[in-house]
>>> print(open('model_36.txt').read())   # compact mmCIF, C-alpha atoms and all ligand atoms
# COMPACT_ATOMS: atom_id res chain seq x y z
CA MET A 24 7.30 11.77 -24.22
CA LYS A 25 8.10 8.95 -21.87
CA ASN A 26 5.69 7.94 -19.13
CA TYR A 27 7.16 8.18 -15.69
CA GLY A 28 5.79 6.28 -12.70
CA ILE A 29 7.23 4.61 -9.63
CA ILE A 30 9.14 1.97 -11.61
CA GLU A 31 11.13 4.54 -13.60
CA LYS A 32 11.75 6.61 -10.51
CA TYR A 33 12.82 3.83 -8.15
CA LYS A 34 14.14 1.22 -10.60
CA LYS A 35 17.28 0.69 -8.52
CA TYR A 36 15.21 -0.66 -5.64
CA LEU A 37 12.81 -2.75 -7.68
CA PRO A 38 13.11 -6.19 -9.31
CA VAL A 39 12.97 -4.98 -12.91
CA GLY A 40 15.36 -5.45 -15.80
CA GLN A 41 15.80 -4.57 -19.48
CA ALA A 42 13.19 -7.14 -20.44
CA THR A 43 10.47 -5.77 -18.15
CA PRO A 44 7.80 -3.88 -20.07
CA ILE A 45 6.79 -0.96 -17.89
CA ILE A 46 3.00 -0.84 -17.62
CA THR A 47 2.37 2.48 -15.94
CA LEU A 48 -0.26 5.16 -15.52
CA ASN A 49 2.28 7.55 -13.95
CA GLU A 50 1.32 6.50 -10.46
CA GLY A 51 3.13 7.74 -7.34
CA ASN A 52 4.55 11.17 -6.55
CA THR A 53 1.41 11.81 -4.52
CA PRO A 54 1.04 14.95 -2.38
CA LEU A 55 2.36 14.95 1.18
CA VAL A 56 0.16 17.68 2.60
CA PHE A 57 0.96 19.48 5.85
CA ALA A 58 -2.14 19.22 8.04
CA SER A 59 -2.52 22.54 9.81
CA TYR A 60 -5.67 21.80 11.79
CA LEU A 61 -4.48 18.40 13.01
CA SER A 62 -0.98 19.69 13.79
CA LYS A 63 -2.43 22.43 15.96
CA LEU A 64 -4.59 19.88 17.70
CA ALA A 65 -1.59 17.66 18.43
CA GLY A 66 0.39 20.52 19.98
CA GLU A 67 3.29 22.78 19.16
CA ASN A 68 5.90 20.04 19.07
CA PHE A 69 4.13 18.17 16.29
CA GLU A 70 3.97 18.31 12.55
CA ILE A 71 1.32 16.10 10.97
CA TYR A 72 1.45 15.24 7.27
CA LEU A 73 -1.10 13.50 5.10
CA LYS A 74 0.10 11.24 2.29
CA CYS A 75 -2.72 11.57 -0.21
CA GLU A 76 -2.71 8.25 -2.02
CA GLY A 77 -6.13 9.01 -3.47
CA ALA A 78 -4.21 11.12 -5.99
CA ASN A 79 -2.97 7.96 -7.72
CA PRO A 80 -4.43 7.19 -11.18
CA THR A 81 -7.19 4.88 -9.95
CA GLY A 82 -7.61 6.74 -6.69
CA SER A 83 -5.79 4.48 -4.25
CA PHE A 84 -2.34 3.29 -3.12
CA LYS A 85 -2.91 -0.01 -4.88
CA ASP A 86 -1.54 1.46 -8.12
CA ARG A 87 2.02 1.45 -6.72
CA GLY A 88 1.94 -2.32 -6.36
CA MET A 89 -0.17 -2.97 -9.41
CA THR A 90 2.14 -1.23 -11.89
CA LEU A 91 4.86 -3.68 -10.87
CA ALA A 92 2.65 -6.77 -10.54
CA ILE A 93 1.16 -6.25 -14.00
CA SER A 94 4.51 -5.31 -15.57
CA LYS A 95 6.01 -8.54 -14.22
CA ALA A 96 2.97 -10.56 -15.30
CA CYS A 97 3.44 -9.17 -18.82
CA GLU A 98 7.17 -9.87 -18.71
CA GLU A 99 6.35 -13.47 -17.77
CA LYS A 100 3.88 -13.61 -20.68
CA ALA A 101 0.89 -14.23 -18.43
CA THR A 102 -2.39 -13.96 -20.26
CA ALA A 103 -4.61 -13.41 -17.26
CA VAL A 104 -4.50 -12.14 -13.68
CA ILE A 105 -6.91 -12.73 -10.83
CA CYS A 106 -7.58 -11.01 -7.51
CA ALA A 107 -10.05 -10.98 -4.67
CA SER A 108 -10.86 -7.51 -3.49
CA THR A 109 -12.72 -5.24 -1.13
CA GLY A 110 -12.69 -2.87 -4.12
CA ASN A 111 -9.50 -0.89 -4.61
CA THR A 112 -7.31 -3.81 -5.66
CA SER A 113 -9.87 -4.75 -8.29
CA ALA A 114 -10.11 -1.18 -9.61
CA SER A 115 -6.35 -0.99 -9.94
CA ALA A 116 -5.90 -4.50 -11.35
CA ALA A 117 -8.61 -3.82 -13.93
CA ALA A 118 -7.03 -0.54 -15.06
CA TYR A 119 -3.45 -1.82 -15.31
CA SER A 120 -4.59 -5.03 -17.01
CA ALA A 121 -6.45 -2.97 -19.59
CA ARG A 122 -3.27 -1.02 -20.19
CA GLY A 123 -1.13 -4.15 -20.33
CA GLY A 124 -3.56 -5.95 -22.61
CA ILE A 125 -4.21 -8.91 -20.34
CA LYS A 126 -7.38 -10.42 -19.01
CA CYS A 127 -8.38 -9.52 -15.47
CA ILE A 128 -10.64 -11.63 -13.28
CA VAL A 129 -12.00 -10.15 -10.09
CA LEU A 130 -13.77 -11.87 -7.18
CA ILE A 131 -15.66 -9.50 -4.93
CA PRO A 132 -17.76 -10.10 -1.83
CA SER A 133 -21.29 -9.42 -3.04
CA GLY A 134 -22.78 -6.17 -1.79
CA ALA A 135 -19.70 -5.27 0.24
CA ILE A 136 -17.69 -3.02 -2.05
CA ALA A 137 -18.12 0.71 -2.58
CA LEU A 138 -19.88 1.93 -5.72
CA GLY A 139 -16.95 3.88 -7.20
CA LYS A 140 -14.66 0.87 -7.00
CA LEU A 141 -17.19 -1.46 -8.61
CA SER A 142 -17.72 1.03 -11.43
CA GLN A 143 -13.98 1.13 -12.06
CA ALA A 144 -13.53 -2.64 -12.25
CA LEU A 145 -16.49 -2.87 -14.63
CA ILE A 146 -15.62 0.00 -16.97
CA HIS A 147 -12.01 -1.18 -17.36
CA GLY A 148 -13.40 -4.42 -18.71
CA ALA A 149 -12.50 -6.87 -15.96
CA GLU A 150 -14.51 -10.03 -15.57
CA VAL A 151 -16.15 -9.20 -12.27
CA LEU A 152 -17.68 -12.06 -10.29
CA ALA A 153 -19.57 -11.32 -7.10
CA ILE A 154 -19.58 -14.19 -4.62
CA SER A 155 -21.99 -14.72 -1.78
CA GLY A 156 -19.24 -14.74 0.81
CA ASN A 157 -16.77 -12.34 2.37
CA PHE A 158 -13.36 -11.10 1.20
CA ASP A 159 -11.47 -13.82 3.05
CA THR A 160 -13.40 -16.54 1.23
CA ALA A 161 -12.91 -14.75 -2.09
CA LEU A 162 -9.16 -14.61 -1.47
CA GLU A 163 -8.99 -18.33 -0.70
CA LEU A 164 -10.77 -19.05 -3.99
CA ALA A 165 -8.55 -16.69 -6.01
CA LYS A 166 -5.44 -18.30 -4.51
CA GLU A 167 -6.65 -21.79 -5.34
CA ILE A 168 -7.51 -20.88 -8.93
CA SER A 169 -4.10 -19.23 -9.42
CA LEU A 170 -2.37 -22.39 -8.17
CA LYS A 171 -4.27 -24.71 -10.50
CA TYR A 172 -4.67 -22.61 -13.64
CA PRO A 173 -2.44 -20.32 -15.70
CA VAL A 174 -3.65 -17.17 -13.99
CA THR A 175 -1.38 -14.87 -11.97
CA LEU A 176 -2.56 -13.81 -8.52
CA VAL A 177 -2.21 -10.03 -8.06
CA ASN A 178 -3.31 -9.75 -4.46
CA SER A 179 -0.57 -8.58 -2.10
CA LEU A 180 0.54 -12.20 -1.64
CA ASN A 181 2.22 -11.48 -4.96
CA PRO A 182 5.63 -10.16 -3.79
CA PHE A 183 5.77 -7.60 -6.62
CA ARG A 184 2.79 -5.82 -5.08
CA ILE A 185 4.73 -5.28 -1.86
CA GLU A 186 7.83 -4.20 -3.79
CA GLY A 187 5.87 -1.52 -5.64
CA GLN A 188 4.03 -0.31 -2.57
CA LYS A 189 7.22 0.23 -0.59
CA THR A 190 7.89 3.26 -2.83
CA GLY A 191 5.39 5.15 -0.68
CA SER A 192 7.94 5.26 2.13
CA PHE A 193 10.71 6.28 -0.29
CA GLU A 194 8.65 9.30 -1.34
CA ILE A 195 7.97 10.30 2.25
CA CYS A 196 11.69 10.15 3.10
CA ASP A 197 12.63 12.02 -0.08
CA TYR A 198 10.15 14.75 0.77
CA LEU A 199 10.90 15.13 4.48
CA GLY A 200 14.64 14.57 4.14
CA ASP A 201 14.37 11.63 6.54
CA ALA A 202 11.79 9.14 7.77
CA PRO A 203 9.09 10.56 10.05
CA ASP A 204 8.96 9.66 13.75
CA PHE A 205 5.61 7.90 13.37
CA GLN A 206 3.57 6.58 10.50
CA ILE A 207 -0.13 5.91 10.97
CA MET A 208 -2.12 3.75 8.54
CA PRO A 209 -5.18 1.54 8.22
CA VAL A 210 -4.59 -2.21 8.27
CA GLY A 211 -6.76 -4.64 6.31
CA ASN A 212 -5.03 -7.48 4.54
CA ALA A 213 -1.81 -6.00 5.99
CA GLY A 214 0.14 -5.78 2.73
CA ASN A 215 0.65 -2.05 2.95
CA ILE A 216 2.10 -1.94 6.47
CA THR A 217 4.44 -4.73 5.36
CA ALA A 218 5.44 -2.76 2.27
CA TYR A 219 6.02 0.57 4.01
CA TRP A 220 8.14 -1.02 6.72
CA LYS A 221 10.24 -2.83 4.10
CA GLY A 222 10.73 0.47 2.27
CA TYR A 223 11.80 2.37 5.36
CA LYS A 224 14.32 -0.32 6.27
CA GLU A 225 15.78 -0.41 2.76
CA TYR A 226 16.18 3.37 2.62
CA LYS A 227 17.95 3.40 5.95
CA THR A 228 20.24 0.54 4.93
CA GLY A 229 21.00 2.40 1.70
CA GLY A 230 21.94 5.52 3.68
CA LEU A 231 19.08 7.57 2.24
CA SER A 232 17.46 8.09 5.62
CA LYS A 233 18.81 8.15 9.16
CA LYS A 234 15.94 6.92 11.27
CA LEU A 235 13.05 4.49 11.19
CA PRO A 236 9.50 5.43 12.13
CA SER A 237 7.30 3.63 14.61
CA MET A 238 4.57 1.95 12.61
CA LEU A 239 1.09 2.56 14.03
CA GLY A 240 -1.66 0.53 12.37
CA PHE A 241 -5.40 0.73 12.92
CA GLN A 242 -8.11 -1.81 12.29
CA ALA A 243 -11.85 -1.23 12.54
CA GLU A 244 -13.38 -2.52 15.75
CA GLY A 245 -15.60 -5.00 13.89
CA ALA A 246 -12.73 -6.28 11.74
CA CYS A 247 -9.70 -6.44 14.01
CA PRO A 248 -8.22 -9.96 13.83
CA ILE A 249 -4.67 -8.79 14.49
CA VAL A 250 -5.66 -6.87 17.61
CA LYS A 251 -7.81 -9.75 18.86
CA ASN A 252 -5.13 -12.23 17.87
CA LYS A 253 -7.61 -14.49 16.10
CA PRO A 254 -9.36 -14.56 12.71
CA ILE A 255 -12.79 -12.91 12.62
CA LYS A 256 -15.43 -15.00 10.83
CA ASP A 257 -17.84 -12.25 9.95
CA PRO A 258 -15.99 -8.93 9.93
CA LYS A 259 -18.21 -5.85 9.90
CA THR A 260 -17.33 -2.19 9.43
CA ILE A 261 -18.55 0.80 7.42
CA ALA A 262 -14.96 1.02 6.14
CA THR A 263 -15.58 -1.78 3.63
CA ALA A 264 -12.04 -1.57 2.25
CA ILE A 265 -10.71 -3.02 5.51
CA GLN A 266 -13.55 -5.43 6.22
CA ILE A 267 -11.12 -8.33 6.39
CA GLY A 268 -11.11 -11.10 8.99
CA ASN A 269 -8.00 -13.09 8.18
CA PRO A 270 -5.22 -10.91 6.74
CA ALA A 271 -2.78 -12.54 4.33
CA SER A 272 0.21 -10.61 5.65
CA TRP A 273 -0.63 -11.06 9.32
CA LYS A 274 2.84 -12.24 10.34
CA SER A 275 4.74 -9.45 8.59
CA ALA A 276 2.36 -6.88 10.08
CA LEU A 277 3.35 -8.11 13.53
CA GLU A 278 7.00 -7.87 12.54
CA ALA A 279 6.54 -4.28 11.34
CA ARG A 280 4.78 -3.44 14.59
CA ASP A 281 7.34 -5.08 16.86
CA GLU A 282 10.57 -4.20 15.03
CA SER A 283 9.48 -0.56 14.86
CA ASN A 284 8.31 -0.37 18.46
CA GLY A 285 4.88 0.50 17.13
CA LEU A 286 1.36 -0.74 17.72
CA ILE A 287 -1.74 -2.09 16.01
CA ASP A 288 -4.92 -0.89 17.67
CA ILE A 289 -8.62 -0.46 16.94
CA VAL A 290 -10.90 2.45 16.11
CA THR A 291 -14.70 2.27 16.15
CA ASP A 292 -16.89 3.01 13.14
CA ASN A 293 -18.06 6.16 14.90
CA GLN A 294 -14.49 7.32 15.39
CA ILE A 295 -13.81 6.59 11.71
CA LEU A 296 -16.83 8.63 10.60
CA GLU A 297 -15.91 11.52 12.86
CA ALA A 298 -12.36 11.56 11.49
CA TYR A 299 -13.75 11.28 7.94
CA LYS A 300 -15.68 14.50 8.44
CA ILE A 301 -12.85 16.32 10.22
CA LEU A 302 -10.54 15.53 7.31
CA ALA A 303 -13.04 16.79 4.76
CA GLN A 304 -14.21 19.83 6.72
CA LYS A 305 -11.06 21.01 8.50
CA GLU A 306 -8.28 19.92 6.15
CA GLY A 307 -10.20 19.99 2.87
CA ILE A 308 -9.28 16.41 2.03
CA PHE A 309 -11.85 13.86 0.95
CA ALA A 310 -10.55 10.39 1.77
CA GLU A 311 -12.53 7.18 1.95
CA PRO A 312 -13.62 5.80 5.35
CA ALA A 313 -10.83 3.18 5.56
CA SER A 314 -8.29 5.97 5.10
CA ALA A 315 -9.97 8.01 7.80
CA ALA A 316 -9.07 5.17 10.17
CA SER A 317 -5.55 6.69 10.11
CA ILE A 318 -6.92 9.97 11.41
CA ALA A 319 -9.24 8.28 13.88
CA GLY A 320 -6.15 6.49 15.18
CA LEU A 321 -4.18 9.72 15.37
CA LEU A 322 -6.98 11.40 17.33
CA LYS A 323 -7.24 8.42 19.66
CA LEU A 324 -3.51 8.48 20.39
CA ILE A 325 -3.46 12.25 20.92
CA LYS A 326 -6.34 11.88 23.36
CA ASN A 327 -4.87 9.03 25.35
CA GLY A 328 -1.53 10.78 25.71
CA TYR A 329 0.47 8.26 23.66
CA PHE A 330 2.69 10.96 22.15
CA ARG A 331 3.34 12.71 25.47
CA LYS A 332 6.22 10.39 26.25
CA ILE A 333 8.00 11.42 23.06
CA ASN A 334 10.82 13.75 23.61
CA THR A 335 12.54 14.95 20.50
CA THR A 336 14.60 18.09 20.24
CA ASN A 337 13.24 18.62 16.76
CA LYS A 338 9.56 18.63 15.96
CA CYS A 339 7.93 15.23 16.06
CA LYS A 340 6.79 14.33 12.55
CA ILE A 341 3.80 12.08 12.04
CA VAL A 342 2.72 10.92 8.58
CA CYS A 343 -0.81 9.55 8.16
CA ILE A 344 -1.43 7.51 5.03
CA LEU A 345 -4.72 8.37 3.33
CA THR A 346 -4.95 5.24 1.26
CA GLY A 347 -7.92 5.98 -1.01
CA HIS A 348 -10.00 8.84 -2.39
CA GLY A 349 -13.33 9.79 -0.88
CA LEU A 350 -15.06 9.63 -4.27
CA LYS A 351 -14.64 5.86 -4.16
CA ASP A 352 -17.59 5.69 -1.77
CA PRO A 353 -19.98 8.55 -2.57
CA GLU A 354 -22.88 6.81 -0.86
CA ARG A 355 -21.10 6.92 2.50
CA ALA A 356 -20.38 10.64 2.11
CA ILE A 357 -24.01 11.44 1.38
CA LYS A 358 -25.19 9.30 4.30
CA SER A 359 -22.81 11.09 6.66
CA VAL A 360 -24.09 14.66 6.28
CA LYS A 361 -27.30 16.63 5.91
CA LYS A 362 -28.97 16.39 2.48
CA PRO A 363 -29.30 19.63 0.49
CA LYS A 364 -32.60 21.39 1.11
CA LEU A 365 -34.98 21.68 -1.80
CA LEU A 366 -36.16 25.28 -2.15
CA ARG A 367 -38.35 27.21 -4.54
CA PRO A 368 -36.23 29.20 -7.05
CA ASN A 369 -36.94 32.42 -5.26
CA ILE A 370 -34.26 34.81 -4.01
CA LYS A 371 -36.11 35.70 -0.82
CA THR A 372 -36.44 32.06 0.20
CA ILE A 373 -32.76 31.46 -0.50
CA LEU A 374 -31.59 34.55 1.39
CA LYS A 375 -33.70 33.61 4.37
CA GLU A 376 -32.20 30.13 4.34
CA ILE A 377 -28.60 31.39 4.32
CA GLY A 378 -29.27 33.98 6.96
CA TYR A 379 -29.04 37.26 4.98
C1 LIG A 401 -8.45 2.40 0.98
O1 LIG A 401 -8.75 -3.66 -2.34
O2 LIG A 401 -7.63 -5.23 0.50
O3 LIG A 401 -3.67 -3.62 4.84
O4 LIG A 401 -8.86 -5.75 -1.82
O5 LIG A 401 -8.52 -0.21 -0.06
O6 LIG A 401 -2.64 -3.47 2.57
O7 LIG A 401 -4.85 -4.54 2.88
C2 LIG A 401 -7.89 -2.92 0.19
C3 LIG A 401 -7.28 -2.49 1.30
C4 LIG A 401 -6.51 0.46 3.39
C5 LIG A 401 -5.82 -1.86 3.68
N1 LIG A 401 -7.13 1.46 2.77
O8 LIG A 401 -4.57 -2.11 3.11
C6 LIG A 401 -8.57 -4.59 -1.54
C7 LIG A 401 -8.00 -4.30 -0.22
C8 LIG A 401 -7.79 1.24 1.62
C9 LIG A 401 -7.85 -0.04 1.08
C10 LIG A 401 -6.54 -0.82 2.91
C11 LIG A 401 -7.23 -1.11 1.75
P1 LIG A 401 -3.88 -3.51 3.35
>>> encode(input="model_36.txt", output="structure tokens", more="lines below")
Ligand code: AN7
Amino acid sequence: MKNYGIIEKYKKYLPVGQATPIITLNEGNTPLVFASYLSKLAGENFEIYLKCEGANPTGSFKDRGMTLAISKACEEKATAVICASTGNTSASAAAYSARGGIKCIVLIPSGAIALGKLSQALIHGAEVLAISGNFDTALELAKEISLKYPVTLVNSLNPFRIEGQKTGSFEICDYLGDAPDFQIMPVGNAGNITAYWKGYKEYKTGGLSKKLPSMLGFQAEGACPIVKNKPIKDPKTIATAIQIGNPASWKSALEARDESNGLIDIVTDNQILEAYKILAQKEGIFAEPASAASIAGLLKLIKNGYFRKINTTNKCKIVCILTGHGLKDPERAIKSVKKPKLLRPNIKTILKEIGY
């Protein structure tokens, strides 16, 4: 049986040819889940959907870009790839490199990546180097090494990453029959907002969708260089995936925002944590904190009346991208809720506790 991931499915729109070996883990085709609780909250004219990218093979959207980046690296006979990462890129690079049979070098900011992601990079056999600096510094170093040595950079500065990731918007259009009215997503290094916007534009040009969404991006308050319009030296947020102070795709994020008549705004860590719990407890979806920034942004915009000005005859469709799985950061989940009580193994004690 043939493996079937985003490259097979969207070959026509991707820079691949006969000679490209397809290194895939059957990524993509992730669930677009109708969010009943959030839709009700938004009001009767709204339909909210959640694109669950945590359902990808390594648990994040990075797999869409990595299948192509690693396939192209293999086509070009690269022997090694390198990336800097807040965690998910390294997990994905490590897995696809293992599959492609090439060496993977990972630079991570020491102490600043979630446990699940670190475990993935390690178990897939990447050479993981923790540096005493932040992501932005790690990315500068990875770039420099890739320029001077025969190592391919697989951060989203690699154009194949963006090409692969744009398939997320193709899937949304295929599923909804058109592009949504709004798309909400977290913004870190800003590759994904760049990729989604590129995808939406290509689908419309190709006649596969009729409209373009407004792109609404959210950064964490302590890591919001785009909103502040200046790099942040020491970015700080509990959403470690987007703890980035100087995004590589800054310019194209602004283009996505402005061409789509969208916005890039901030959410606080408290708003992120609240949204994180609402998602898990009202929608049944466990996404990592950075992904919950989408929902925190949605709630913020509902509250401040942003969507009130929208007047569509049909229902207004909003897609929120949940970029990574909640299991990536189990420590954050446990810190966010009450610990289980320890009880004696006695039925009376248990019944009393649960109120029977
Ligand atoms: C869950 O893994 O940058 O704006 O090195 O892991 O495209 O950077 C991760 C980013 C959102 C932000 N949600 O996407 C990395 C890394 C999750 C993420 C983002 C990331 P971009």
>>> residues_around(input="model_36.txt", residues="Pro38 (chain A)", least_positions_apart="2", cutoff="10 Å", atoms="all atoms listed in the file", output="list of chain:residue names")
A:Ile30, A:Lys34, A:Lys35, A:Tyr36, A:Gly40, A:Thr43, A:Leu91, A:Lys95, A:Phe183, A:Glu186, A:Gly187
>>> atom_distance(input="model_36.txt", atom1="CA of Leu296 (chain A)", atom2="CA of Ala319 (chain A)")
8.3 Å
>>> residues_near_ligand(input="model_36.txt", ligand="ligand LIG 401 (chain A)", cutoff="6 Å", atoms="all atoms listed in the file", output="ChimeraX atom specification")
/A:108-112,209-215,264-265,313-314,346-347
>>> closest_atom_pairs(input="model_36.txt", of="region 39-114 of chain A", to="region 171-178 of chain A", cutoff="6 Å", atoms="all atoms listed in the file", output="JSON lines")
{"residue": "A:Ala103", "atom": "CA", "partner": "A:Val174", "partner_atom": "CA", "distance": 5.1}
{"residue": "A:Val104", "atom": "CA", "partner": "A:Thr175", "partner_atom": "CA", "distance": 4.5}
{"residue": "A:Ile105", "atom": "CA", "partner": "A:Leu176", "partner_atom": "CA", "distance": 5.0}
{"residue": "A:Cys106", "atom": "CA", "partner": "A:Asn178", "partner_atom": "CA", "distance": 5.4}
>>> closest_residue(input="model_36.txt", among="A:Cys247, A:Ile341, A:Leu61, A:Leu37", to="Lys305 (chain A)", atoms="all atoms listed in the file")
A:Leu61
>>> closest_residue(input="model_36.txt", among="A:Leu152, A:Leu48, A:Met89, A:Leu73", to="Asn26 (chain A)", atoms="only C-alpha atoms")
A:Leu48
>>> residues_around(input="model_36.txt", residues="region 336-338 of chain A", least_positions_apart="5", cutoff="9 Å", atoms="all atoms listed in the file", output="PyMOL selection string")
chain A and resi 67-70
>>> residues_around(input="model_36.txt", residues="region 276-280 of chain A", least_positions_apart="2", cutoff="10 Å", atoms="all atoms listed in the file", output="JSON, numbers by chain")
{"A": [210, 212, 213, 214, 215, 216, 217, 218, 219, 220, 221, 237, 238, 239, 240, 249, 250, 270, 271, 272, 273, 274, 282, 283, 284, 285, 286, 287]}
>>> closest_residue(input="model_36.txt", among="A:Asn52, A:Gly88, A:Ile308, A:Asn327", to="Pro182 (chain A)", atoms="all atoms listed in the file")
A:Gly88
>>> residues_around(input="model_36.txt", residues="Ala107 (chain A)", least_positions_apart="4", cutoff="9 Å", atoms="all atoms listed in the file", output="count of residues only")
19
>>> residues_around(input="model_36.txt", residues="Ala246 (chain A)", least_positions_apart="6", cutoff="7 Å", atoms="only C-alpha atoms", output="list in words")
Ile255, Pro258, Lys259, Thr260, Gln266, Ile267 and Gly268 of chain A
>>> atom_distance(input="model_36.txt", atom1="CA of Ile185 (chain A)", atom2="CA of Asn49 (chain A)")
17.8 Å
>>> closest_residue(input="model_36.txt", among="A:Gly139, A:Pro368, A:Gly66, A:Pro203", to="Pro353 (chain A)", atoms="all atoms listed in the file")
A:Gly139
>>> closest_residue(input="model_36.txt", among="A:Cys343, A:Leu366, A:Ala298, A:Ala315", to="Pro236 (chain A)", atoms="all atoms listed in the file")
A:Cys343
>>> atom_distance(input="model_36.txt", atom1="CA of Glu225 (chain A)", atom2="CA of Leu199 (chain A)")
16.4 Å
>>> closest_residue(input="model_36.txt", among="A:Ile125, A:Ala303, A:Ile71, A:Cys196", to="Gly230 (chain A)", atoms="all atoms listed in the file")
A:Cys196
>>> residues_near_point(input="model_36.txt", point="(13.1, 10.1, 10.2)", cutoff="6 Å", atoms="only C-alpha atoms", output="compact mmCIF listing (two decimals) with C-alpha atoms, in the frame of the given file")
# COMPACT_ATOMS: atom_id res chain seq x y z
CA ASP A 201 14.37 11.63 6.54
CA ALA A 202 11.79 9.14 7.77
CA PRO A 203 9.09 10.56 10.05
CA ASP A 204 8.96 9.66 13.75
CA LYS A 234 15.94 6.92 11.27
CA LEU A 235 13.05 4.49 11.19
>>> build_atoms(input="model_36.txt", residues="region 340-346 of chain A", atoms="all heavy atoms", output="PDB file, in the coordinates of the input")
ATOM      1  N   LYS A 340       7.528  14.400  13.821  1.00  0.00           N
ATOM      2  CA  LYS A 340       6.790  14.330  12.550  1.00  0.00           C
ATOM      3  C   LYS A 340       5.971  13.046  12.471  1.00  0.00           C
ATOM      4  O   LYS A 340       6.502  11.948  12.669  1.00  0.00           O
ATOM      5  CB  LYS A 340       7.762  14.388  11.371  1.00  0.00           C
ATOM      6  CG  LYS A 340       8.374  15.779  11.233  1.00  0.00           C
ATOM      7  CD  LYS A 340       9.261  15.905  10.035  1.00  0.00           C
ATOM      8  CE  LYS A 340       9.846  17.312  10.028  1.00  0.00           C
ATOM      9  NZ  LYS A 340      11.033  17.418   9.171  1.00  0.00           N
ATOM     10  N   ILE A 341       4.710  13.223  12.173  1.00  0.00           N
ATOM     11  CA  ILE A 341       3.800  12.080  12.040  1.00  0.00           C
ATOM     12  C   ILE A 341       3.199  12.112  10.631  1.00  0.00           C
ATOM     13  O   ILE A 341       2.640  13.128  10.215  1.00  0.00           O
ATOM     14  CB  ILE A 341       2.657  12.157  13.072  1.00  0.00           C
ATOM     15  CG1 ILE A 341       3.226  12.263  14.496  1.00  0.00           C
ATOM     16  CG2 ILE A 341       1.734  10.947  12.937  1.00  0.00           C
ATOM     17  CD1 ILE A 341       2.174  12.465  15.582  1.00  0.00           C
ATOM     18  N   VAL A 342       3.338  11.010   9.911  1.00  0.00           N
ATOM     19  CA  VAL A 342       2.720  10.920   8.580  1.00  0.00           C
ATOM     20  C   VAL A 342       1.534   9.949   8.658  1.00  0.00           C
ATOM     21  O   VAL A 342       1.684   8.814   9.126  1.00  0.00           O
ATOM     22  CB  VAL A 342       3.723  10.440   7.508  1.00  0.00           C
ATOM     23  CG1 VAL A 342       3.012  10.183   6.180  1.00  0.00           C
ATOM     24  CG2 VAL A 342       4.827  11.476   7.315  1.00  0.00           C
ATOM     25  N   CYS A 343       0.373  10.420   8.236  1.00  0.00           N
ATOM     26  CA  CYS A 343      -0.810   9.550   8.160  1.00  0.00           C
ATOM     27  C   CYS A 343      -1.050   9.204   6.702  1.00  0.00           C
ATOM     28  O   CYS A 343      -1.095  10.091   5.842  1.00  0.00           O
ATOM     29  CB  CYS A 343      -2.042  10.281   8.704  1.00  0.00           C
ATOM     30  SG  CYS A 343      -1.840  10.856  10.388  1.00  0.00           S
ATOM     31  N   ILE A 344      -1.202   7.930   6.413  1.00  0.00           N
ATOM     32  CA  ILE A 344      -1.430   7.510   5.030  1.00  0.00           C
ATOM     33  C   ILE A 344      -2.939   7.535   4.753  1.00  0.00           C
ATOM     34  O   ILE A 344      -3.715   6.840   5.422  1.00  0.00           O
ATOM     35  CB  ILE A 344      -0.893   6.080   4.763  1.00  0.00           C
ATOM     36  CG1 ILE A 344       0.545   5.916   5.294  1.00  0.00           C
ATOM     37  CG2 ILE A 344      -0.962   5.753   3.265  1.00  0.00           C
ATOM     38  CD1 ILE A 344       1.585   6.764   4.627  1.00  0.00           C
ATOM     39  N   LEU A 345      -3.316   8.351   3.779  1.00  0.00           N
ATOM     40  CA  LEU A 345      -4.720   8.370   3.330  1.00  0.00           C
ATOM     41  C   LEU A 345      -4.772   7.527   2.068  1.00  0.00           C
ATOM     42  O   LEU A 345      -4.454   7.981   0.972  1.00  0.00           O
ATOM     43  CB  LEU A 345      -5.177   9.813   3.086  1.00  0.00           C
ATOM     44  CG  LEU A 345      -5.082  10.719   4.319  1.00  0.00           C
ATOM     45  CD1 LEU A 345      -5.587  12.115   4.002  1.00  0.00           C
ATOM     46  CD2 LEU A 345      -5.844  10.127   5.505  1.00  0.00           C
ATOM     47  N   THR A 346      -5.155   6.281   2.263  1.00  0.00           N
ATOM     48  CA  THR A 346      -4.950   5.240   1.260  1.00  0.00           C
ATOM     49  C   THR A 346      -5.825   5.344   0.010  1.00  0.00           C
ATOM     50  O   THR A 346      -5.447   4.886  -1.062  1.00  0.00           O
ATOM     51  CB  THR A 346      -5.184   3.877   1.925  1.00  0.00           C
ATOM     52  OG1 THR A 346      -6.379   3.994   2.732  1.00  0.00           O
ATOM     53  CG2 THR A 346      -4.030   3.482   2.822  1.00  0.00           C
TER      54      THR A 346
END
